[in-house]
Amino acid sequence: MFLVMSCANYPFIVHQELIFLNLHFAALPIQSLFPFLYFMIRDLHVAKEEEDIGFYAGFVGASYMLGRALTSVLWGVVADKHGRKPVLVITLFSVVIFNTLFGLSSSYWMALTTRGLLGLLSGMLGPVKAYATEVCRKEHGHLALSLISSSRGIGLIVGPAIGGYLAQPADKYPDIFSVNSIFGRFPYFLPCLSISLLAIVALVACFWLPETLHRHTEDIILDNSTEAVEQSISDTNAEHNGGGCLSLFTNWALMSAITVYCIFSLQDVAYAEVFSLWAISDRKYGGLSFSSQDVGSVLSISGLLLLIYQILVYPSVAKSIDPITLVRTVALLTVPLLSSYPFMPTLSGFILQLAVNCASFLKNSFSVTTMTVFSILINDAVNQDLRASANGLSITLMSIFKTIAPAVAGVIFSWAQKRQTALFLPGDHLVFFTLNVLTVIGLTFTFRPFYTRSGRTKH
């Protein structure tokens, strides 16, 4: 919305569609899963004991990320050669097909396979970040990528609401949905079908998106300002001196930014996996005994507050604080925040709801701040012709970490459920301590010699 004034080359509808497209790819198929995943694994009867549900749930989340890890670089190369738009279309089409099939899963292995195939064909995230920076002038890059992150906030509102309120409709709304209907026989089909229908709308809207590959360079050349000319010359020299995609691996500013990005992504996905499992699990295991609607409401409320933060607060914060300093600050604040979670089951009523909602919002705002900063640093580290490939590389490496995150988080969560009386880090204290260890590791990697700032980046 803020981009209207700063992006005179394209009509307002383009930016609305950009939010809509990224929303359906990056947020809804993922965020809608968390409120009902625990119950889905339970109903598939793959876990022999209740404490083992987290173990199997972790691999369902990991299968999507594994598929994405295998193909993200390929999709980035395709986007750099043939344009951003074809990749967006393919991704949305895959959401329509495989997200629907996931809702019809009748076995654990079908759920794993459909999520893996969805990840395999999900190539939008890298190209859409490149698109965001190309559709605007360079000085508005923070705002463009902030808008992309804001779409995650929208996804955090809509996704959990869809998953929390539409899962198991025959149980929740027996007057509308019969137990013998398809929604009664497949209790998790309705939320998946709803997202697929929304993806069809986004797919149709995608055909009105303009192609931005090489367009941004032309705009710079038409700009007569000294800064634009210098930037054009700099980019041209970079293109002649670079070694194509292989040069990305020797670009330490890029690789160090991707490394830190991956570490914080690992922590973020592990937290997302653990939060829903922890909130839904019984209080005797250190959980909150929430229903899928309760989890969906918490995530939706925090998503709404996150969207407000992204639109009204983050742009001002990004302008006044150095990006790396901002990342270090939120990492330090994350440690005491995560340490407070194991004590929340001692609360009840309104105080519990307030604590959980505030903690969820703060944790998600810290994560989005970090991801936005590193998305900008990654884009700034390369010229336009390698931007989608660089983002594809970052998504591949990030997806590898995100493949590990839910699987390991599920294993640790299941183990923690079985050690409630341990003397050292009993129960869920172990889970949130592990998340804090990852936070401290990420913080450490923001300092030299691990991290090097790109000379192209200007605060």
# chains A, B, ... in the order shown; residues from 1 in each chain; ligands from 1
call {"tool": "select_by_dssp", "arguments": {"residues": "range 194-418 of chain A", "states": "alpha helix (DSSP H)", "output": "VMD selection string"}}
result
chain A and resid 194 to 206 215 to 222 226 to 241 252 to 280 292 to 308 314 to 320 323 to 340 349 to 380 387 to 417
call {"tool": "residues_around", "arguments": {"residues": "Leu333 in chain A", "least_positions_apart": "5", "cutoff": "12 Å", "atoms": "only C-alpha atoms", "output": "JSON, numbers by chain"}}
result
{"A": [326, 327, 328, 338, 339, 340, 359, 362, 363, 365, 366, 367, 436, 439, 440, 443]}
call {"tool": "closest_residue", "arguments": {"among": "A:Phe343, A:Ala57, A:Ser178, A:Cys192", "to": "Ser32 in chain A", "atoms": "only C-alpha atoms"}}
result
A:Cys192
call {"tool": "closest_atom_pairs", "arguments": {"of": "range 5-121 of chain A", "to": "range 282-286 of chain A", "cutoff": "12 Å", "atoms": "only C-alpha atoms", "output": "JSON lines"}}
result
{"residue": "A:Tyr38", "atom": "CA", "partner": "A:Asp282", "partner_atom": "CA", "distance": 11.8}
{"residue": "A:Glu50", "atom": "CA", "partner": "A:Asp282", "partner_atom": "CA", "distance": 9.7}
{"residue": "A:Glu51", "atom": "CA", "partner": "A:Tyr285", "partner_atom": "CA", "distance": 8.6}
call {"tool": "write_last_selection", "arguments": {"atoms": "N, CA and C atoms", "output": "compact mmCIF listing (two decimals), in the first residue's frame"}}
result
# COMPACT_ATOMS: atom_id res chain seq x y z
N TYR A 38 -1.66 -31.92 15.09
CA TYR A 38 -1.64 -32.86 16.23
C TYR A 38 -2.80 -33.84 16.13
N GLU A 50 0.33 -41.38 23.02
CA GLU A 50 0.07 -39.95 22.85
C GLU A 50 1.35 -39.14 22.83
N GLU A 51 2.34 -39.55 23.61
CA GLU A 51 3.62 -38.83 23.67
C GLU A 51 4.38 -38.89 22.35
call {"tool": "atom_distance", "arguments": {"atom1": "CA of Ala279 in chain A", "atom2": "CA of Val431 in chain A"}}
result
13.0 Å
